[in-house]
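Engineer: So that we are looking at the same thing, I have put the structure below in structure tokens.
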Amino acid sequence: MEAPLEDETPAGALAGTEGPSHGEELKASDEAITFMSSVEPAELQKCVFPDSLVTVSEGGRDLGKFSVTVEFARRVQQPCMLLHAQSQGAIDGSPCGTTVTAYLTTDLEVLEEDYHEYVKEVTKETASYPTSVLRGLVTEGSILLLMRLIALRKKTPEHMTFISFDQGLHIMHTTFNELGLKQLEVGGETVEVFGMERIAHSVEDSPTTWQCYFLDDGHLASRVQVGSPVTMRLLQLPSQLEKGFEKIPLVWEEDMQMHSKFLDRKEELKADHDSYLRQHPEIRALISDFLQFLLLRKPDDVFQFARKYFLPFSARRPPESSLKASPF
């Protein structure tokens, strides 16, 4: 059985020197680059919402879940989009899953993308390419956001060809084709969905195709890799979920029983934390040293600074890269 999520983007790093020679000839089309530069802030605002689907087999057996969240963020003082996608499932009874966290500019350019997979060991590879050949680059994170934007526009531009990476970190073409409108049943209701097809033209393997259908508001309703027995489906319409959960104001401070439980739990946690800190005095020394070093350096990117500071404490040191991803 295939994993709940399949995709083409591998682990790697982008910077500096020349990559594989056959990748130099592949370029994104003018239509793809124009689309990326045409994205307006108002369109991105409409993309800030979560998606949650279930993964099922051909026989309808529940295999796991797939979720995507998109929000506005800042990366090294630069406004950007933060996309987080996650799948959970099983392969032959063994738990498996993948996560992708991507920081994207408002033009859908990739600032950083991290990939993590469990159930099998992922081979980490590195390649470098000059910036000039990476115009129109898309990765799994930017592809998910890109498809939302296309769905909201309800039109897939013709001849729109992007560049991406295959598992060997070779540059390849990724194309999008419109599948049109069709009727789909979601949560007991029949709704009209907009479809598009994505094809990854691998340098070494046969093309891989995905077909996705979206609701009128951009929510993902269905996702399947052609030839795979696994399908991702939306179980309930977003409007149904909103109706099913009525918001009831809760002033817990005025509820004596809840307030008492809160105070008891607060004291219990405080005592537990104090006990742990007494047993491990090295924690205070470590945090104190880090804060002192942080205030002396005053870095713009605190997260990156913390990552480098604590890296020597890790038993396993990951390779340095500005883009880390893999088949998702």
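Residues in the structure tokens are named by chain (A, B, ... in the order shown) and by number from 1 within that chain; ligands are numbered from 1 in the order shown.
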Quick one: contact table of region 162-250 of chain A to region 125-145 of chain A, 10 Å max, nearest atom pair and distance in Å to one decimal per residue, counting only C-alpha atoms, chain and number order, as JSON lines?

Structural biologist:
{"residue": "A:Phe162", "atom": "CA", "partner": "A:Gly136", "partner_atom": "CA", "distance": 5.3}
{"residue": "A:Ile163", "atom": "CA", "partner": "A:Leu137", "partner_atom": "CA", "distance": 4.8}
{"residue": "A:Ser164", "atom": "CA", "partner": "A:Val138", "partner_atom": "CA", "distance": 5.4}
{"residue": "A:Phe165", "atom": "CA", "partner": "A:Thr139", "partner_atom": "CA", "distance": 7.6}
{"residue": "A:Gln167", "atom": "CA", "partner": "A:Glu125", "partner_atom": "CA", "distance": 9.0}
{"residue": "A:Gly168", "atom": "CA", "partner": "A:Glu125", "partner_atom": "CA", "distance": 7.8}
{"residue": "A:Leu169", "atom": "CA", "partner": "A:Ala127", "partner_atom": "CA", "distance": 6.5}
{"residue": "A:His170", "atom": "CA", "partner": "A:Ala127", "partner_atom": "CA", "distance": 8.5}
{"residue": "A:Ile171", "atom": "CA", "partner": "A:Leu134", "partner_atom": "CA", "distance": 9.0}
{"residue": "A:Met172", "atom": "CA", "partner": "A:Leu137", "partner_atom": "CA", "distance": 9.7}
{"residue": "A:His173", "atom": "CA", "partner": "A:Leu137", "partner_atom": "CA", "distance": 9.3}
{"residue": "A:Thr174", "atom": "CA", "partner": "A:Val138", "partner_atom": "CA", "distance": 8.2}
{"residue": "A:Arg198", "atom": "CA", "partner": "A:Ile143", "partner_atom": "CA", "distance": 9.4}
{"residue": "A:Gly218", "atom": "CA", "partner": "A:Leu145", "partner_atom": "CA", "distance": 10.0}
{"residue": "A:Leu220", "atom": "CA", "partner": "A:Leu144", "partner_atom": "CA", "distance": 9.6}

Engineer: Set the distance at 9 Å and use only C-alpha atoms: which residues neighbour region 44-53 of chain A once local chain neighbours fewer than 5 positions away are removed? I'd like the list as a PyMOL selection string.

Structural biologist: chain A and resi 39+64-72+81+106+145+148-149+152+217-222+232-236

Engineer: Could you please take those selected residues and save C-alpha atoms as an mmCIF file, in the first residue's frame?

Structural biologist:
data_model
loop_
_atom_site.group_PDB
_atom_site.id
_atom_site.type_symbol
_atom_site.label_atom_id
_atom_site.label_comp_id
_atom_site.auth_asym_id
_atom_site.auth_seq_id
_atom_site.Cartn_x
_atom_site.Cartn_y
_atom_site.Cartn_z
ATOM 1 C CA VAL A 39 -0.915 37.406 -6.767
ATOM 2 C CA GLY A 64 -5.594 8.381 8.263
ATOM 3 C CA LYS A 65 -5.902 12.148 8.070
ATOM 4 C CA PHE A 66 -4.513 15.010 6.020
ATOM 5 C CA SER A 67 -4.512 18.642 7.154
ATOM 6 C CA VAL A 68 -3.200 21.972 5.881
ATOM 7 C CA THR A 69 -3.036 25.341 7.632
ATOM 8 C CA VAL A 70 -2.028 28.673 6.099
ATOM 9 C CA GLU A 71 -1.337 31.879 8.006
ATOM 10 C CA PHE A 72 0.553 35.142 7.712
ATOM 11 C CA MET A 81 3.074 33.044 4.364
ATOM 12 C CA THR A 106 3.739 36.818 -1.087
ATOM 13 C CA LEU A 145 -0.990 27.427 -1.770
ATOM 14 C CA ARG A 148 -5.771 27.324 -3.659
ATOM 15 C CA LEU A 149 -5.193 30.525 -5.596
ATOM 16 C CA LEU A 152 -10.300 30.768 -6.145
ATOM 17 C CA ASP A 217 -14.267 29.071 -1.410
ATOM 18 C CA GLY A 218 -10.950 27.313 -2.114
ATOM 19 C CA HIS A 219 -11.270 24.455 0.384
ATOM 20 C CA LEU A 220 -9.817 21.174 -0.854
ATOM 21 C CA ALA A 221 -12.609 18.614 -1.375
ATOM 22 C CA SER A 222 -10.754 15.700 -2.977
ATOM 23 C CA MET A 232 -8.271 12.049 0.325
ATOM 24 C CA ARG A 233 -11.820 13.289 0.893
ATOM 25 C CA LEU A 234 -13.568 16.117 2.691
ATOM 26 C CA LEU A 235 -16.219 14.698 5.030
ATOM 27 C CA GLN A 236 -18.130 17.859 5.916
#

Engineer: List as number ranges by chain the protein and nucleic acid residues near Thr105 (chain A), meaning an atom at most 6 Å away when only C-alpha atoms are counted, but skip any in the same chain fewer than 3 places from it.

Structural biologist: A: 80, 108-109

Engineer: Could you pull out all residues of region 47-200 of chain A with a DSSP call of helix (DSSP H, G or I) and give them as a VMD selection string?

Structural biologist: chain A and resid 131 to 133 140 to 153

Engineer: I need the residue nearest Val191 (chain A) from this list: A:Ala32, A:Gly59, A:Glu178, A:Tyr213. Use only C-alpha atoms for the distance.

Structural biologist: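 Result for the nearest residue to Val191 (chain A): A:Tyr213.
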